[in-house]
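my_file_1.pdb, holding PDB, C-alpha atoms:
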ATOM      1  CA  MET O 147       4.538  -7.977 -10.920  1.00  0.00           C
ATOM      2  CA  ASN O 148       7.624  -8.008 -13.129  1.00  0.00           C
ATOM      3  CA  ALA O 149       9.442  -5.796 -10.627  1.00  0.00           C
ATOM      4  CA  GLN O 150       8.622  -8.393  -7.945  1.00  0.00           C
ATOM      5  CA  VAL O 151      10.056 -11.181 -10.120  1.00  0.00           C
ATOM      6  CA  GLN O 152      13.212  -9.150 -10.609  1.00  0.00           C
ATOM      7  CA  SER O 153      13.395  -8.544  -6.862  1.00  0.00           C
ATOM      8  CA  ASP O 154      13.002 -12.270  -6.154  1.00  0.00           C
ATOM      9  CA  ARG O 155      15.704 -13.019  -8.686  1.00  0.00           C
ATOM     10  CA  ALA O 156      17.975 -10.320  -7.275  1.00  0.00           C
ATOM     11  CA  LEU O 157      17.505 -11.539  -3.691  1.00  0.00           C
ATOM     12  CA  LEU O 158      18.196 -15.096  -4.775  1.00  0.00           C
ATOM     13  CA  GLY O 159      21.363 -13.956  -6.495  1.00  0.00           C
ATOM     14  CA  GLN O 160      22.453 -12.054  -3.392  1.00  0.00           C
ATOM     15  CA  TYR O 161      21.853 -15.128  -1.219  1.00  0.00           C
ATOM     16  CA  LEU O 162      23.844 -17.341  -3.565  1.00  0.00           C
ATOM     17  CA  ALA O 163      26.628 -14.753  -3.438  1.00  0.00           C
ATOM     18  CA  GLY O 164      26.772 -15.134   0.362  1.00  0.00           C
ATOM     19  CA  ASP O 165      24.255 -12.614   1.736  1.00  0.00           C
ATOM     20  CA  GLN O 166      22.363 -14.706   4.313  1.00  0.00           C
ATOM     21  CA  SER O 167      19.828 -11.934   4.989  1.00  0.00           C
ATOM     22  CA  ALA O 168      18.628 -12.079   1.359  1.00  0.00           C
ATOM     23  CA  ILE O 169      17.023 -15.511   1.844  1.00  0.00           C
ATOM     24  CA  SER O 170      15.216 -14.220   4.942  1.00  0.00           C
ATOM     25  CA  GLN O 171      13.809 -11.305   2.953  1.00  0.00           C
ATOM     26  CA  LEU O 172      12.753 -13.645   0.165  1.00  0.00           C
ATOM     27  CA  ILE O 173      11.039 -16.050   2.558  1.00  0.00           C
ATOM     28  CA  ASP O 174       9.393 -13.229   4.532  1.00  0.00           C
ATOM     29  CA  ARG O 175       7.991 -11.860   1.277  1.00  0.00           C
ATOM     30  CA  HIS O 176       6.162 -15.089   0.452  1.00  0.00           C
ATOM     31  CA  SER O 177       5.645 -16.936   3.755  1.00  0.00           C
ATOM     32  CA  ARG O 178       2.229 -15.441   4.537  1.00  0.00           C
ATOM     33  CA  ARG O 179       0.786 -16.508   1.195  1.00  0.00           C
ATOM     34  CA  VAL O 180       2.302 -19.983   1.531  1.00  0.00           C
ATOM     35  CA  ARG O 181       1.036 -20.285   5.127  1.00  0.00           C
ATOM     36  CA  ASP O 182      -2.479 -19.244   4.047  1.00  0.00           C
ATOM     37  CA  TYR O 183      -2.434 -21.830   1.272  1.00  0.00           C
ATOM     38  CA  ILE O 184      -1.323 -24.590   3.654  1.00  0.00           C
ATOM     39  CA  ARG O 185      -3.935 -23.559   6.270  1.00  0.00           C
ATOM     40  CA  MET O 186      -6.638 -23.682   3.625  1.00  0.00           C
ATOM     41  CA  MET O 187      -5.577 -27.255   2.796  1.00  0.00           C
ATOM     42  CA  VAL O 188      -5.084 -28.691   6.312  1.00  0.00           C
ATOM     43  CA  LYS O 189      -7.546 -26.523   8.291  1.00  0.00           C
ATOM     44  CA  ASP O 190      -5.316 -26.602  11.382  1.00  0.00           C
ATOM     45  CA  ARG O 191      -3.171 -23.594  12.358  1.00  0.00           C
ATOM     46  CA  ASP O 192      -0.472 -25.524  14.280  1.00  0.00           C
ATOM     47  CA  LEU O 193      -0.194 -28.226  11.641  1.00  0.00           C
ATOM     48  CA  ALA O 194      -0.015 -25.548   8.928  1.00  0.00           C
ATOM     49  CA  ASP O 195       2.845 -23.851  10.786  1.00  0.00           C
ATOM     50  CA  ASP O 196       4.702 -27.183  11.026  1.00  0.00           C
ATOM     51  CA  ILE O 197       4.234 -27.881   7.324  1.00  0.00           C
ATOM     52  CA  LEU O 198       5.305 -24.314   6.498  1.00  0.00           C
ATOM     53  CA  GLN O 199       8.548 -24.867   8.419  1.00  0.00           C
ATOM     54  CA  GLU O 200       9.189 -28.151   6.577  1.00  0.00           C
ATOM     55  CA  THR O 201       8.458 -26.402   3.284  1.00  0.00           C
ATOM     56  CA  LEU O 202      10.861 -23.525   3.975  1.00  0.00           C
ATOM     57  CA  ILE O 203      13.598 -25.909   5.098  1.00  0.00           C
ATOM     58  CA  LYS O 204      13.184 -27.841   1.870  1.00  0.00           C
ATOM     59  CA  VAL O 205      13.213 -24.611  -0.196  1.00  0.00           C
ATOM     60  CA  VAL O 206      16.514 -23.488   1.341  1.00  0.00           C
ATOM     61  CA  ARG O 207      18.025 -26.977   1.013  1.00  0.00           C
ATOM     62  CA  VAL O 208      17.141 -27.204  -2.697  1.00  0.00           C
ATOM     63  CA  ILE O 209      18.583 -23.727  -3.323  1.00  0.00           C
ATOM     64  CA  ASP O 210      21.744 -24.546  -1.341  1.00  0.00           C
ATOM     65  CA  GLU O 211      22.199 -27.770  -3.316  1.00  0.00           C
ATOM     66  CA  GLY O 212      21.982 -25.790  -6.572  1.00  0.00           C
ATOM     67  CA  ARG O 213      18.886 -27.656  -7.758  1.00  0.00           C
ATOM     68  CA  TYR O 214      16.625 -24.608  -8.108  1.00  0.00           C
ATOM     69  CA  THR O 215      16.449 -23.239 -11.623  1.00  0.00           C
ATOM     70  CA  ASP O 216      15.140 -19.689 -11.754  1.00  0.00           C
ATOM     71  CA  SER O 217      12.251 -19.425 -14.189  1.00  0.00           C
ATOM     72  CA  GLY O 218      10.835 -16.236 -12.712  1.00  0.00           C
ATOM     73  CA  LYS O 219       8.151 -18.172 -10.808  1.00  0.00           C
ATOM     74  CA  PHE O 220       9.664 -18.395  -7.333  1.00  0.00           C
ATOM     75  CA  LEU O 221       6.315 -18.167  -5.481  1.00  0.00           C
ATOM     76  CA  SER O 222       4.748 -20.836  -7.719  1.00  0.00           C
ATOM     77  CA  TRP O 223       7.712 -23.087  -7.001  1.00  0.00           C
ATOM     78  CA  ILE O 224       7.385 -22.632  -3.231  1.00  0.00           C
ATOM     79  CA  LEU O 225       3.625 -23.270  -3.431  1.00  0.00           C
ATOM     80  CA  ARG O 226       4.277 -26.497  -5.342  1.00  0.00           C
ATOM     81  CA  ILE O 227       6.675 -27.647  -2.609  1.00  0.00           C
ATOM     82  CA  ALA O 228       4.076 -26.701   0.050  1.00  0.00           C
ATOM     83  CA  HIS O 229       1.413 -28.633  -1.859  1.00  0.00           C
ATOM     84  CA  ASN O 230       3.653 -31.704  -1.984  1.00  0.00           C
ATOM     85  CA  GLN O 231       4.369 -31.405   1.756  1.00  0.00           C
ATOM     86  CA  VAL O 232       0.599 -31.318   2.447  1.00  0.00           C
ATOM     87  CA  ILE O 233       0.067 -34.378   0.237  1.00  0.00           C
ATOM     88  CA  ASP O 234       2.882 -36.181   2.056  1.00  0.00           C
ATOM     89  CA  HIS O 235       1.267 -35.327   5.404  1.00  0.00           C
ATOM     90  CA  PHE O 236      -2.152 -36.673   4.366  1.00  0.00           C
ATOM     91  CA  ARG O 237      -0.604 -39.778   2.832  1.00  0.00           C
ATOM     92  CA  GLN O 238       1.324 -40.437   6.056  1.00  0.00           C
ATOM     93  CA  GLN O 239      -1.847 -39.974   8.126  1.00  0.00           C
ATOM     94  CA  LYS O 240      -3.706 -42.405   5.875  1.00  0.00           C
ATOM     95  CA  GLN O 241      -0.964 -45.021   6.170  1.00  0.00           C
ATOM     96  CA  GLN O 242      -0.915 -44.738   9.959  1.00  0.00           C
ATOM     97  CA  LYS O 243      -4.688 -45.302  10.167  1.00  0.00           C
ATOM     98  CA  HIS O 244      -4.562 -48.507   8.120  1.00  0.00           C
ATOM     99  CA  LEU O 245      -1.847 -50.248  10.118  1.00  0.00           C
ATOM    100  CA  THR O 246      -2.897 -53.841  10.798  1.00  0.00           C
ATOM    101  CA  GLU O 247      -1.546 -56.376  13.276  1.00  0.00           C
ATOM    102  CA  ALA O 248       0.272 -58.104  10.436  1.00  0.00           C
ATOM    103  CA  ASP O 249       1.876 -54.794   9.412  1.00  0.00           C
ATOM    104  CA  ALA O 250       2.993 -54.249  12.992  1.00  0.00           C
ATOM    105  CA  GLY O 251       4.901 -57.544  12.941  1.00  0.00           C
ATOM    106  CA  TYR O 252       2.339 -59.908  14.423  1.00  0.00           C
ATOM    107  CA  ASP O 253       0.175 -62.501  12.749  1.00  0.00           C
ATOM    108  CA  VAL O 254      -3.331 -63.508  13.867  1.00  0.00           C
ATOM    109  CA  LEU O 255      -1.960 -65.761  16.606  1.00  0.00           C
ATOM    110  CA  GLY O 256       0.008 -62.892  18.111  1.00  0.00           C
ATOM    111  CA  THR O 257       3.424 -64.390  17.403  1.00  0.00           C
ATOM    112  CA  LEU O 258       6.329 -62.574  15.810  1.00  0.00           C
ATOM    113  CA  ARG O 259       6.833 -63.137  12.112  1.00  0.00           C
ATOM    114  CA  PHE O 260       9.131 -66.081  11.562  1.00  0.00           C
ATOM    115  CA  ALA O 261      11.384 -64.897   8.745  1.00  0.00           C
ATOM    116  CA  GLU O 262      13.337 -61.992  10.153  1.00  0.00           C
ATOM    117  CA  PRO O 263      16.003 -60.699   7.759  1.00  0.00           C
ATOM    118  CA  THR O 264      19.580 -61.609   8.531  1.00  0.00           C
ATOM    119  CA  VAL O 265      22.455 -59.113   8.634  1.00  0.00           C
ATOM    120  CA  GLU O 266      23.500 -60.380   5.211  1.00  0.00           C
ATOM    121  CA  ASP O 267      19.964 -59.885   3.831  1.00  0.00           C
ATOM    122  CA  ARG O 268      19.956 -56.296   5.099  1.00  0.00           C
ATOM    123  CA  MET O 269      23.406 -55.594   3.640  1.00  0.00           C
ATOM    124  CA  VAL O 270      22.372 -56.953   0.234  1.00  0.00           C
ATOM    125  CA  SER O 271      19.126 -54.936   0.320  1.00  0.00           C
ATOM    126  CA  GLU O 272      20.986 -51.752   1.260  1.00  0.00           C
ATOM    127  CA  GLN O 273      23.507 -52.283  -1.554  1.00  0.00           C
ATOM    128  CA  ILE O 274      20.743 -52.895  -4.101  1.00  0.00           C
ATOM    129  CA  ALA O 275      18.935 -49.755  -2.911  1.00  0.00           C
ATOM    130  CA  ALA O 276      22.153 -47.728  -3.205  1.00  0.00           C
ATOM    131  CA  ASP O 277      22.792 -49.087  -6.713  1.00  0.00           C
ATOM    132  CA  ILE O 278      19.248 -48.209  -7.796  1.00  0.00           C
ATOM    133  CA  ARG O 279      19.547 -44.685  -6.334  1.00  0.00           C
ATOM    134  CA  ALA O 280      22.806 -44.190  -8.243  1.00  0.00           C
ATOM    135  CA  LEU O 281      21.141 -45.306 -11.490  1.00  0.00           C
ATOM    136  CA  ILE O 282      18.182 -42.979 -10.879  1.00  0.00           C
ATOM    137  CA  GLU O 283      20.596 -40.050 -10.519  1.00  0.00           C
ATOM    138  CA  GLU O 284      21.886 -40.823 -14.038  1.00  0.00           C
ATOM    139  CA  LEU O 285      18.412 -40.378 -15.577  1.00  0.00           C
ATOM    140  CA  PRO O 286      17.448 -37.157 -17.367  1.00  0.00           C
ATOM    141  CA  ALA O 287      16.078 -34.606 -14.864  1.00  0.00           C
ATOM    142  CA  GLU O 288      12.394 -34.910 -15.836  1.00  0.00           C
ATOM    143  CA  GLN O 289      12.473 -38.728 -15.646  1.00  0.00           C
ATOM    144  CA  ARG O 290      14.424 -38.670 -12.382  1.00  0.00           C
ATOM    145  CA  GLU O 291      11.878 -36.298 -10.844  1.00  0.00           C
ATOM    146  CA  VAL O 292       8.923 -38.546 -11.751  1.00  0.00           C
ATOM    147  CA  VAL O 293      10.641 -41.687 -10.436  1.00  0.00           C
ATOM    148  CA  LYS O 294      11.478 -40.019  -7.122  1.00  0.00           C
ATOM    149  CA  MET O 295       7.984 -38.601  -6.711  1.00  0.00           C
ATOM    150  CA  ARG O 296       6.380 -41.963  -7.526  1.00  0.00           C
ATOM    151  CA  TYR O 297       8.634 -44.341  -5.609  1.00  0.00           C
ATOM    152  CA  TYR O 298      10.057 -42.235  -2.791  1.00  0.00           C
ATOM    153  CA  ALA O 299       7.159 -39.844  -2.142  1.00  0.00           C
ATOM    154  CA  ASN O 300       4.448 -42.377  -3.145  1.00  0.00           C
ATOM    155  CA  LEU O 301       2.566 -39.794  -5.222  1.00  0.00           C
ATOM    156  CA  THR O 302      -0.065 -40.862  -7.739  1.00  0.00           C
ATOM    157  CA  PHE O 303       0.485 -39.946 -11.368  1.00  0.00           C
ATOM    158  CA  LYS O 304      -2.281 -37.364 -11.052  1.00  0.00           C
ATOM    159  CA  GLU O 305      -0.447 -35.770  -8.099  1.00  0.00           C
ATOM    160  CA  ILE O 306       2.839 -35.908 -10.015  1.00  0.00           C
ATOM    161  CA  ALA O 307       1.210 -34.235 -13.014  1.00  0.00           C
ATOM    162  CA  GLU O 308      -0.175 -31.446 -10.820  1.00  0.00           C
ATOM    163  CA  ALA O 309       3.125 -30.938  -8.991  1.00  0.00           C
ATOM    164  CA  THR O 310       5.161 -30.768 -12.194  1.00  0.00           C
ATOM    165  CA  ASP O 311       2.610 -28.793 -14.229  1.00  0.00           C
ATOM    166  CA  VAL O 312       2.217 -31.444 -16.954  1.00  0.00           C
ATOM    167  CA  SER O 313      -0.574 -33.770 -18.092  1.00  0.00           C
ATOM    168  CA  VAL O 314      -1.038 -37.211 -16.537  1.00  0.00           C
ATOM    169  CA  ASN O 315      -0.051 -38.760 -19.874  1.00  0.00           C
ATOM    170  CA  THR O 316       3.205 -36.793 -19.882  1.00  0.00           C
ATOM    171  CA  ALA O 317       3.971 -37.965 -16.327  1.00  0.00           C
ATOM    172  CA  LEU O 318       3.206 -41.572 -17.345  1.00  0.00           C
ATOM    173  CA  GLY O 319       5.385 -41.213 -20.445  1.00  0.00           C
ATOM    174  CA  ARG O 320       8.297 -39.884 -18.398  1.00  0.00           C
ATOM    175  CA  MET O 321       7.959 -42.844 -16.023  1.00  0.00           C
ATOM    176  CA  ARG O 322       7.853 -45.282 -18.948  1.00  0.00           C
ATOM    177  CA  TYR O 323      11.032 -43.841 -20.456  1.00  0.00           C
ATOM    178  CA  ALA O 324      12.686 -43.775 -17.036  1.00  0.00           C
ATOM    179  CA  LEU O 325      11.987 -47.494 -16.555  1.00  0.00           C
ATOM    180  CA  ILE O 326      13.236 -48.281 -20.057  1.00  0.00           C
ATOM    181  CA  ASN O 327      16.434 -46.323 -19.366  1.00  0.00           C
ATOM    182  CA  LEU O 328      16.910 -47.997 -15.962  1.00  0.00           C
ATOM    183  CA  ARG O 329      16.539 -51.477 -17.501  1.00  0.00           C
ATOM    184  CA  ARG O 330      19.038 -50.555 -20.224  1.00  0.00           C
ATOM    185  CA  MET O 331      21.560 -49.248 -17.661  1.00  0.00           C
ATOM    186  CA  ILE O 332      21.129 -52.389 -15.517  1.00  0.00           C
ATOM    187  CA  GLN O 333      21.845 -54.569 -18.564  1.00  0.00           C
ATOM    188  CA  GLU O 334      24.780 -52.445 -19.710  1.00  0.00           C
ATOM    189  CA  LYS O 335      26.364 -52.554 -16.260  1.00  0.00           C
ATOM    190  CA  LYS O 336      25.506 -56.269 -15.924  1.00  0.00           C
ATOM    191  CA  MET O 337      23.990 -55.609 -12.506  1.00  0.00           C
ATOM    192  CA  VAL O 338      22.271 -58.326 -10.490  1.00  0.00           C
ATOM    193  CA  LEU O 339      19.467 -56.894  -8.377  1.00  0.00           C
ATOM    194  CA  SER O 340      18.231 -59.910  -6.444  1.00  0.00           C
TER     195      SER O 340
END
So that I can check it, write out the structure of this file as structure tokens.
Amino acid sequence: MNAQVQSDRALLGQYLAGDQSAISQLIDRHSRRVRDYIRMMVKDRDLADDILQETLIKVVRVIDEGRYTDSGKFLSWILRIAHNQVIDHFRQQKQQKHLTEADAGYDVLGTLRFAEPTVEDRMVSEQIAADIRALIEELPAEQREVVKMRYYANLTFKEIAEATDVSVNTALGRMRYALINLRRMIQEKKMVLS
């Protein structure tokens, strides 16, 4: 097993040094196990293949962006990403099933909602969202990860705990400190977010 970890690490190093074939070897080594895991979760071969592709794209993107930290658990890391992709799929399916007429933009009478946002409203909202994203990037890595998983991926704290290999209380604590830090940064920068 240790030789495999070294091989994963060596292939990763070769890829980062410019050897494009190294990432293919690394992915080929683990793709069957990841595919089997996804198939076990979704019970649909075509859907599993789609989620596998999304997972592998995300793996390569994270490595290319320099956000992967090698802890000798490359397969575990890929499986965690695959697990999150499966959760995202099921969450998206659930949201699509519960779409109501009001959610679709119509009230009971079948008329369009009255208060459509103006161009100015959209610009202000986009600026606020950009400011918040910039603040989130300033958080410590563990806090930033929890905030993104909770607010951008809509994961529950239980799902976050499982994905990050910590207890639910630790995930909640990281979120609490992240919110405290965000409030402090907003006050320090005298930002108006409304």
Could you state which residues are captured by the PyMOL selection byres ((chain O and resi 332) around 12) in this file, as a ChimeraX atom specification? /O:274,277-278,280-282,284,325-331,333-339
Got a sec to check which residues sit within 12 Å of (9.9, -27.7, 7.1), counting all atoms listed in the file, and write them as a list in words?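 Looking at atoms near the point gives Arg181, Leu193, Ala194, Asp195, Asp196, Ile197, Leu198, Gln199, Glu200, Thr201, Leu202, Ile203, Lys204, Val205, Val206, Arg207, Ile224, Ile227, Ala228, Asn230, Gln231, Val232 and His235 of chain O.
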What does the file look like for those residues with C-alpha atoms, as a compact mmCIF listing (two decimals), in the coordinates of the input?
# COMPACT_ATOMS: atom_id res chain seq x y z
CA ARG O 181 1.04 -20.28 5.13
CA LEU O 193 -0.19 -28.23 11.64
CA ALA O 194 -0.02 -25.55 8.93
CA ASP O 195 2.84 -23.85 10.79
CA ASP O 196 4.70 -27.18 11.03
CA ILE O 197 4.23 -27.88 7.32
CA LEU O 198 5.30 -24.31 6.50
CA GLN O 199 8.55 -24.87 8.42
CA GLU O 200 9.19 -28.15 6.58
CA THR O 201 8.46 -26.40 3.28
CA LEU O 202 10.86 -23.52 3.98
CA ILE O 203 13.60 -25.91 5.10
CA LYS O 204 13.18 -27.84 1.87
CA VAL O 205 13.21 -24.61 -0.20
CA VAL O 206 16.51 -23.49 1.34
CA ARG O 207 18.02 -26.98 1.01
CA ILE O 224 7.38 -22.63 -3.23
CA ILE O 227 6.68 -27.65 -2.61
CA ALA O 228 4.08 -26.70 0.05
CA ASN O 230 3.65 -31.70 -1.98
CA GLN O 231 4.37 -31.40 1.76
CA VAL O 232 0.60 -31.32 2.45
CA HIS O 235 1.27 -35.33 5.40
If you apply the PyMOL selection byres ((chain O and resi 161-177) around 10) to this file, what residues do you get, as number ranges by chain? O: 150, 153-160, 178-183, 198-199, 201-202, 205-206, 209-210, 212, 220-221, 224-225
Would you work out the distance separating atom CA of Ala309 of chain O from atom CA of Arg226 of chain O, expressed in Å to one decimal?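 One can read the atom CA of Ala309 of chain O to atom CA of Arg226 of chain O distance as 5.9 Å.
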Please compute the atom CA of Arg279 of chain O-atom CA of Lys294 of chain O distance, one decimal, in Å.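 Separation of atom CA of Arg279 of chain O and atom CA of Lys294 of chain O: 9.4 Å.
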Just the number, please: distance in Å from atom CA of Met187 of chain O to atom CA of Tyr214 of chain O, one decimal. 24.9 Å
Which residue, O:His229, O:Val292, O:Glu308, O:Thr302, has the smallest gap to Arg320 of chain O when you use all atoms listed in the file?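 Using all atoms listed in the file, Arg320 of chain O sits closest to O:Val292.
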Quick one: apply the PyMOL selection byres ((chain O and resi 287) around 12) to the file and drop the selected residues here as a PDB file with C-alpha atoms, in the frame of the given file.
ATOM      1  CA  ARG O 213      18.886 -27.656  -7.758  1.00  0.00           C
ATOM      2  CA  THR O 215      16.449 -23.239 -11.623  1.00  0.00           C
ATOM      3  CA  ILE O 282      18.182 -42.979 -10.879  1.00  0.00           C
ATOM      4  CA  GLU O 283      20.596 -40.050 -10.519  1.00  0.00           C
ATOM      5  CA  GLU O 284      21.886 -40.823 -14.038  1.00  0.00           C
ATOM      6  CA  LEU O 285      18.412 -40.378 -15.577  1.00  0.00           C
ATOM      7  CA  PRO O 286      17.448 -37.157 -17.367  1.00  0.00           C
ATOM      8  CA  GLU O 288      12.394 -34.910 -15.836  1.00  0.00           C
ATOM      9  CA  GLN O 289      12.473 -38.728 -15.646  1.00  0.00           C
ATOM     10  CA  ARG O 290      14.424 -38.670 -12.382  1.00  0.00           C
ATOM     11  CA  GLU O 291      11.878 -36.298 -10.844  1.00  0.00           C
ATOM     12  CA  VAL O 292       8.923 -38.546 -11.751  1.00  0.00           C
ATOM     13  CA  VAL O 293      10.641 -41.687 -10.436  1.00  0.00           C
ATOM     14  CA  LYS O 294      11.478 -40.019  -7.122  1.00  0.00           C
ATOM     15  CA  THR O 310       5.161 -30.768 -12.194  1.00  0.00           C
ATOM     16  CA  ARG O 320       8.297 -39.884 -18.398  1.00  0.00           C
ATOM     17  CA  MET O 321       7.959 -42.844 -16.023  1.00  0.00           C
ATOM     18  CA  TYR O 323      11.032 -43.841 -20.456  1.00  0.00           C
ATOM     19  CA  ALA O 324      12.686 -43.775 -17.036  1.00  0.00           C
TER      20      ALA O 324
END
Among the residues O:Met186, O:Gly319, O:Leu301, O:Asp311, the one that comes closest to Arg237 of chain O [using only C-alpha atoms]: O:Leu301
